[in-house]
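Asker: Pasting input_11.cif here (mmCIF, C-alpha atoms):
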data_run
#
loop_
_atom_site.label_atom_id
_atom_site.label_comp_id
_atom_site.auth_asym_id
_atom_site.auth_seq_id
_atom_site.Cartn_x
_atom_site.Cartn_y
_atom_site.Cartn_z
CA MET A 1 123.35 93.51 123.63
CA PRO A 2 120.13 91.51 123.39
CA SER A 3 120.49 87.85 122.69
CA GLU A 4 120.19 86.46 119.21
CA PRO A 5 116.76 85.39 117.97
CA GLY A 6 115.56 81.90 118.61
CA THR A 7 114.28 79.30 116.25
CA ARG A 8 113.11 80.37 112.81
CA PRO A 9 110.18 78.59 111.19
CA THR A 10 110.87 77.70 107.61
CA ALA A 11 107.27 77.64 106.43
CA PRO A 12 103.88 78.69 107.76
CA ARG A 13 101.88 76.04 109.57
CA ARG A 14 98.63 74.82 108.09
CA LEU A 15 95.74 74.73 110.52
CA ASP A 16 93.83 71.95 108.74
CA PRO A 17 96.01 69.76 106.46
CA ASN A 18 92.92 68.21 104.89
CA ARG A 19 91.43 71.54 103.84
CA PRO A 20 94.20 74.10 103.30
CA ALA A 21 93.00 77.65 103.42
CA VAL A 22 93.68 80.00 100.53
CA CYS A 23 96.87 81.99 101.14
CA ARG A 24 95.92 85.56 102.00
CA HIS A 25 99.20 86.83 100.60
CA PHE A 26 98.59 84.95 97.34
CA ARG A 27 95.28 86.78 97.01
CA LYS A 28 97.21 90.04 97.11
CA GLY A 29 99.95 88.79 94.77
CA LEU A 30 102.57 89.02 97.55
CA CYS A 31 103.28 85.41 98.64
CA LEU A 32 107.02 84.74 98.80
CA TYR A 33 106.83 80.97 99.31
CA GLY A 34 105.51 80.15 95.85
CA THR A 35 104.97 76.42 95.35
CA ARG A 36 106.37 75.72 98.84
CA CYS A 37 103.58 77.61 100.57
CA ALA A 38 101.58 75.49 103.03
CA PHE A 39 98.40 77.25 102.00
CA SER A 40 96.44 76.95 98.80
CA HIS A 41 97.35 79.11 95.80
CA SER A 42 94.21 78.28 93.87
CA GLU A 43 90.69 79.46 94.32
CA PRO A 44 87.62 79.63 92.11
CA PRO A 45 87.63 82.68 89.89
CA PRO A 46 85.38 85.48 91.07
CA PRO A 47 82.02 85.72 89.33
CA PRO A 48 81.91 88.19 86.44
CA PRO A 49 80.51 91.58 87.36
CA PRO A 50 76.87 92.08 86.48
CA PRO A 51 76.24 94.04 83.29
CA PRO A 52 75.49 97.71 83.85
CA PRO A 53 71.80 98.54 83.89
CA PRO A 54 70.44 100.26 80.77
CA PRO A 55 70.14 104.04 81.08
CA SER A 56 66.79 105.32 82.22
CA ALA A 57 64.45 107.15 79.84
CA ASP A 58 64.98 110.35 81.82
CA LEU A 59 68.75 110.07 81.42
CA VAL A 60 68.48 109.47 77.66
CA GLU A 61 66.22 112.50 77.31
CA ALA A 62 68.54 114.68 79.43
CA GLN A 63 71.59 113.63 77.38
CA ALA A 64 69.77 114.46 74.15
CA ARG A 65 68.85 117.87 75.53
CA TYR A 66 72.48 118.43 76.56
CA SER A 67 73.68 117.64 73.01
CA VAL A 68 71.22 120.18 71.57
CA LEU A 69 72.41 122.91 73.94
CA ARG A 70 76.05 122.09 73.28
CA ASP A 71 75.53 122.39 69.52
CA ARG A 72 73.73 125.69 70.09
CA CYS A 73 76.71 127.07 72.03
CA LYS A 74 79.07 126.08 69.24
CA SER A 75 76.81 127.64 66.63
CA LEU A 76 76.52 130.94 68.51
CA ALA A 77 80.28 131.11 69.00
CA ALA A 78 80.93 130.42 65.31
CA SER A 79 78.43 133.04 64.15
CA GLY A 80 79.83 135.80 66.33
CA ALA A 81 76.65 136.18 68.43
CA PRO A 82 76.53 138.87 71.10
CA ARG A 83 78.27 138.08 74.38
CA GLU A 84 75.08 138.03 76.42
CA HIS A 85 73.63 135.36 74.13
CA LEU A 86 76.73 133.22 74.56
CA LEU A 87 76.62 133.59 78.36
CA ALA A 88 72.94 132.60 78.46
CA ALA A 89 73.56 129.55 76.27
CA ALA A 90 76.57 128.52 78.38
CA ALA A 91 74.53 128.84 81.58
CA ALA A 92 71.77 126.66 80.12
CA LEU A 93 74.37 124.08 79.02
CA ARG A 94 75.95 124.01 82.49
CA GLU A 95 72.58 123.55 84.17
CA GLN A 96 71.68 120.73 81.81
CA GLY A 97 75.02 119.05 82.47
CA GLU A 98 74.29 119.03 86.19
CA ALA A 99 70.91 117.45 85.46
CA VAL A 100 72.61 114.69 83.43
CA ARG A 101 75.13 113.96 86.20
CA ALA A 102 72.33 113.75 88.76
CA LEU A 103 70.54 111.11 86.68
CA ARG A 104 73.60 108.91 86.10
CA PRO A 105 73.95 105.81 88.33
CA ALA A 106 76.74 105.78 90.91
CA LYS A 107 80.06 104.41 89.68
CA SER A 108 81.23 101.05 90.97
CA ALA A 109 84.35 100.85 93.13
CA SER A 110 87.60 101.02 91.19
CA ARG A 111 89.63 97.84 90.91
CA PHE A 112 92.64 99.86 92.05
CA THR A 113 91.18 100.52 95.49
CA GLU A 114 92.20 97.00 96.59
CA ARG A 115 95.67 96.92 95.05
CA PRO A 116 98.44 95.45 97.24
CA ARG A 117 100.10 98.00 99.45
CA VAL A 118 103.11 97.77 101.73
CA ARG A 119 102.22 98.98 105.20
CA ASN A 120 104.31 101.77 106.70
CA LYS A 121 105.99 99.51 109.24
CA GLU A 122 107.14 97.15 106.46
CA ARG A 123 108.45 99.73 104.02
CA ALA A 124 111.96 99.81 105.48
CA GLY A 125 112.38 96.10 104.74
CA ALA A 126 110.98 96.48 101.23
CA LEU A 127 113.35 99.39 100.54
CA ARG A 128 116.33 97.47 101.93
CA ARG A 129 115.62 94.52 99.64
CA PHE A 130 115.26 96.89 96.69
CA LEU A 131 118.65 98.46 97.45
CA ILE A 132 120.30 95.05 97.73
CA ASP A 133 118.78 93.84 94.47
CA THR A 134 119.66 97.08 92.65
CA TYR A 135 123.14 97.89 93.93
CA GLY A 136 124.38 94.79 95.76
CA LEU A 137 125.74 94.52 99.30
CA GLU A 138 129.33 95.13 98.27
CA ALA A 139 128.51 98.52 96.77
CA LEU A 140 126.32 99.50 99.74
CA ALA A 141 129.04 98.58 102.23
CA SER A 142 131.86 100.30 100.33
CA GLY A 143 133.38 103.56 101.55
CA ALA A 144 131.44 105.18 104.37
CA GLY A 145 128.38 103.07 103.64
CA VAL A 146 124.86 104.43 103.20
CA LEU A 147 123.69 107.96 104.01
CA ASP A 148 119.99 107.86 104.95
CA VAL A 149 118.62 111.40 104.74
CA ALA A 150 115.31 111.98 106.55
CA GLY A 151 115.61 108.46 107.93
CA GLY A 152 112.98 108.98 110.62
CA GLN A 153 113.36 106.43 113.41
CA GLY A 154 116.19 104.72 111.54
CA ALA A 155 114.42 101.49 110.59
CA LEU A 156 116.23 101.21 107.25
CA GLY A 157 119.62 101.90 108.82
CA PHE A 158 118.90 99.46 111.64
CA GLU A 159 118.18 96.64 109.21
CA LEU A 160 121.13 97.39 106.93
CA LEU A 161 123.54 97.55 109.85
CA ASN A 162 122.34 94.56 111.86
CA LEU A 163 121.19 92.23 109.09
CA ASN A 164 123.80 93.07 106.45
CA ARG A 165 126.66 94.77 108.33
CA VAL A 166 126.40 97.83 106.06
CA PRO A 167 127.58 101.05 107.77
CA VAL A 168 124.77 103.62 107.88
CA THR A 169 124.54 107.27 108.87
CA VAL A 170 121.02 108.56 109.54
CA VAL A 171 120.34 112.29 109.13
CA ASP A 172 117.08 113.43 110.68
CA PRO A 173 116.15 116.32 113.01
CA ARG A 174 114.09 113.99 115.19
CA GLU A 175 115.60 111.92 117.96
CA MET A 176 116.22 108.38 116.86
CA THR A 177 115.31 105.43 119.06
CA ALA A 178 115.72 101.73 118.36
CA ARG A 179 113.65 100.34 121.22
CA ARG A 180 110.82 99.12 119.01
CA LEU A 181 113.28 97.71 116.48
CA GLY A 182 115.22 95.99 119.26
CA ARG A 183 112.06 94.29 120.50
CA LYS A 184 111.37 93.01 117.00
CA TRP A 185 114.92 91.63 116.89
CA GLU A 186 114.60 89.87 120.23
CA ARG A 187 111.31 88.27 119.15
CA GLY A 188 112.96 86.99 115.95
CA LEU A 189 110.57 88.85 113.66
CA TYR A 190 113.32 89.71 111.20
CA PHE A 191 113.96 85.98 110.68
CA ARG A 192 110.41 84.64 110.64
CA THR A 193 109.86 84.60 106.85
CA GLU A 194 112.16 82.00 105.31
CA PRO A 195 112.18 83.30 101.69
CA LEU A 196 113.52 86.67 102.90
CA GLN A 197 116.57 85.13 104.60
CA ALA A 198 118.48 85.45 101.32
CA TYR A 199 118.62 89.18 102.12
CA ASN A 200 119.97 88.59 105.65
CA ARG A 201 123.50 87.57 104.76
CA PRO A 202 124.87 87.48 108.33
CA ALA A 203 121.52 85.88 109.30
CA GLY A 204 121.67 87.41 112.78
CA ARG A 205 124.75 85.44 113.89
CA ARG A 206 126.34 88.56 115.36
CA GLY A 207 125.19 90.79 118.16
CA LEU A 208 122.74 93.62 117.83
CA ASP A 209 123.84 97.20 117.17
CA GLY A 210 121.76 100.36 117.06
CA GLY A 211 120.68 100.71 120.67
CA GLY A 212 121.64 104.39 120.77
CA GLY A 213 121.81 107.21 118.30
CA GLY A 214 120.40 110.67 117.99
CA GLY A 215 118.93 113.04 115.50
CA GLY A 216 120.74 115.46 113.27
CA GLY A 217 123.20 113.11 111.62
CA GLY A 218 123.80 110.50 114.29
CA GLY A 219 125.15 107.17 113.04
CA CYS A 220 122.75 104.29 113.19
CA GLY A 221 125.28 102.16 115.00
CA GLY A 222 125.34 104.51 118.01
#
Translate the structure described by the file into structure tokens.

Answerer:
Amino acid sequence: MPSEPGTRPTAPRRLDPNRPAVCRHFRKGLCLYGTRCAFSHSEPPPPPPPPPPPPSADLVEAQARYSVLRDRCKSLAASGAPREHLLAAAAALREQGEAVRALRPAKSASRFTERPRVRNKERAGALRRFLIDTYGLEALASGAGVLDVAGGQGALGFELLNLNRVPVTVVDPREMTARRLGRKWERGLYFRTEPLQAYNRPAGRRGLDGGGGGGGGGGCGG
């Protein structure tokens, strides 16, 4: 069994105490330290976006032409005009619509493109904390424990078993290996963020399990 992790910092270190940098996690809305964070949680508000430019004369003219053709299509359909007339009017309307789209300015980037996201390698921890908050450790550890279907490399089961002593069975056709997870344990990465230690009830005081295991229903504990 690898040795237990070493010292655990309780708060991030500030590089320049006279000029604290803005917390990069705070900018994403993900800082767990709150008022205890060593970095700044205040920054000047971003400047308001510039107003959109007024539409060009060509665009206004093209939109007016599009409205005329659209009304003509509706009128022909309501009057029972011959099919070939309707097809010709629809083709003209479609062509004018393409002209309008070509004249419109490009859309600005959506504000949702920069929304906070949990990286793949951190999703197991986020899911484990969600399970603990939702169901509680006692319920997760009851009976045969947790069945992790399509558990991949077993990251969720590894954390539940070694950090919370919750029995886990991982079902996945791929071979499971805990080498990468074991290296993270030995480096103390599971204990580096102090606010998350509330979810590590044994807090790493026991040895490490999960060195073995296989695919197709192997238990996470090996």

Asker: Let me know the centre plus edge lengths, in Å and rounded to one decimal, of a box with edges along x, y and z that contains all listed atoms of segment 151-157 of chain A and is padded by 6 Å on every side, as JSON.

Answerer:
{"center_x": 116.3, "center_y": 105.1, "center_z": 110.3, "size_x": 18.6, "size_y": 19.8, "size_z": 18.2}

Asker: Hey, can you check how far atom CA of Asn200 of chain A sits from atom CA of Arg24 of chain A?

Answerer: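 Value for the atom CA of Asn200 of chain A-atom CA of Arg24 of chain A distance: 24.5 Å.
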
Asker: So which one's closest to Gly188 of chain A, A:Leu163, A:Tyr135, A:Ala126, A:Leu140? Using only C-alpha atoms, please.

Answerer: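 Comparing A:Leu163, A:Tyr135, A:Ala126, A:Leu140 against Gly188 of chain A, the winner is A:Leu163.
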
Asker: Expanded to explicit residues, what is the PyMOL selection byres ((chain A and resi 96) around 9) for this file, as a PyMOL selection string?

Answerer: chain A and resi 62-63+65-66+69+91-95+97-101

Asker: Could you work out how far atom CA of Asp133 of chain A lies from atom CA of Leu160 of chain A, giving the answer in Å with one decimal?

Answerer: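 Distance reported for this atom pair: 13.2 Å.
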
Asker: Could you tell me how far atom CA of Arg201 of chain A lies from atom CA of Arg129 of chain A, in Å and to one decimal?

Answerer: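 A separation of 11.7 Å between them.
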
Asker: Hey, can you pull every residue with an atom no more than 7 Å from (125.6, 105.2, 108.1), using only C-alpha atoms, and send it as a PyMOL selection string?

Answerer: chain A and resi 144-148+157+167-170+219-220

Asker: Starting from the shown file, work through the PyMOL selection byres ((chain A and resi 151) around 10) and note down what comes out as a list in words.

Answerer: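 Applied to this file, the PyMOL selection byres ((chain A and resi 151) around 10) selects Ala124, Leu147, Asp148, Val149, Ala150, Gly152, Gln153, Gly154, Ala155, Leu156, Gly157, Thr169, Val170, Val171, Asp172, Pro173, Arg174, Met176, Gly215, Gly217 and Cys220 of chain A.
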
Asker: Which residue is closest to Phe158 of chain A? Choose from A:Arg70, A:His41, A:Arg27, A:Arg179 and count only C-alpha atoms.

Answerer: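 Among A:Arg70, A:His41, A:Arg27, A:Arg179, it is A:Arg179 that comes nearest to Phe158 of chain A.
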
Asker: Can you take the partial segment 96-109 of chain A, add N, CA, C and O atoms, and return it as an mmCIF file, in the coordinates of the input?

Answerer:
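The resulting file, selection.cif, is shown below:
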data_model
loop_
_atom_site.group_PDB
_atom_site.id
_atom_site.type_symbol
_atom_site.label_atom_id
_atom_site.label_comp_id
_atom_site.auth_asym_id
_atom_site.auth_seq_id
_atom_site.Cartn_x
_atom_site.Cartn_y
_atom_site.Cartn_z
ATOM 1 N N GLN A 96 72.095 122.014 82.345
ATOM 2 C CA GLN A 96 71.680 120.730 81.810
ATOM 3 C C GLN A 96 72.713 119.644 82.116
ATOM 4 O O GLN A 96 72.363 118.478 82.350
ATOM 5 N N GLY A 97 73.988 120.015 82.108
ATOM 6 C CA GLY A 97 75.020 119.050 82.470
ATOM 7 C C GLY A 97 74.883 118.557 83.899
ATOM 8 O O GLY A 97 75.098 117.367 84.185
ATOM 9 N N GLU A 98 74.526 119.447 84.807
ATOM 10 C CA GLU A 98 74.290 119.030 86.190
ATOM 11 C C GLU A 98 73.093 118.079 86.284
ATOM 12 O O GLU A 98 73.103 117.128 87.071
ATOM 13 N N ALA A 99 72.073 118.336 85.463
ATOM 14 C CA ALA A 99 70.910 117.450 85.460
ATOM 15 C C ALA A 99 71.293 116.054 84.958
ATOM 16 O O ALA A 99 70.821 115.029 85.484
ATOM 17 N N VAL A 100 72.160 115.986 83.945
ATOM 18 C CA VAL A 100 72.610 114.690 83.430
ATOM 19 C C VAL A 100 73.404 113.937 84.494
ATOM 20 O O VAL A 100 73.203 112.732 84.710
ATOM 21 N N ARG A 101 74.321 114.616 85.173
ATOM 22 C CA ARG A 101 75.130 113.960 86.200
ATOM 23 C C ARG A 101 74.265 113.449 87.347
ATOM 24 O O ARG A 101 74.537 112.399 87.928
ATOM 25 N N ALA A 102 73.206 114.186 87.677
ATOM 26 C CA ALA A 102 72.330 113.750 88.760
ATOM 27 C C ALA A 102 71.560 112.490 88.404
ATOM 28 O O ALA A 102 71.193 111.701 89.291
ATOM 29 N N LEU A 103 71.313 112.269 87.116
ATOM 30 C CA LEU A 103 70.540 111.110 86.680
ATOM 31 C C LEU A 103 71.404 109.875 86.444
ATOM 32 O O LEU A 103 70.878 108.761 86.336
ATOM 33 N N ARG A 104 72.713 110.048 86.355
ATOM 34 C CA ARG A 104 73.600 108.910 86.100
ATOM 35 C C ARG A 104 73.704 108.034 87.335
ATOM 36 O O ARG A 104 73.757 108.523 88.463
ATOM 37 N N PRO A 105 73.783 106.696 87.164
ATOM 38 C CA PRO A 105 73.950 105.810 88.330
ATOM 39 C C PRO A 105 75.338 105.989 88.932
ATOM 40 O O PRO A 105 76.291 106.416 88.266
ATOM 41 N N ALA A 106 75.460 105.657 90.213
ATOM 42 C CA ALA A 106 76.740 105.780 90.910
ATOM 43 C C ALA A 106 77.761 104.817 90.310
ATOM 44 O O ALA A 106 77.433 103.693 89.917
ATOM 45 N N LYS A 107 79.002 105.250 90.230
ATOM 46 C CA LYS A 107 80.060 104.410 89.680
ATOM 47 C C LYS A 107 80.424 103.314 90.667
ATOM 48 O O LYS A 107 80.372 103.497 91.887
ATOM 49 N N SER A 108 80.781 102.147 90.125
ATOM 50 C CA SER A 108 81.230 101.050 90.970
ATOM 51 C C SER A 108 82.637 101.347 91.481
ATOM 52 O O SER A 108 83.352 102.186 90.937
ATOM 53 N N ALA A 109 83.028 100.646 92.545
ATOM 54 C CA ALA A 109 84.350 100.850 93.130
ATOM 55 C C ALA A 109 85.435 100.489 92.129
ATOM 56 O O ALA A 109 85.334 99.522 91.382
#
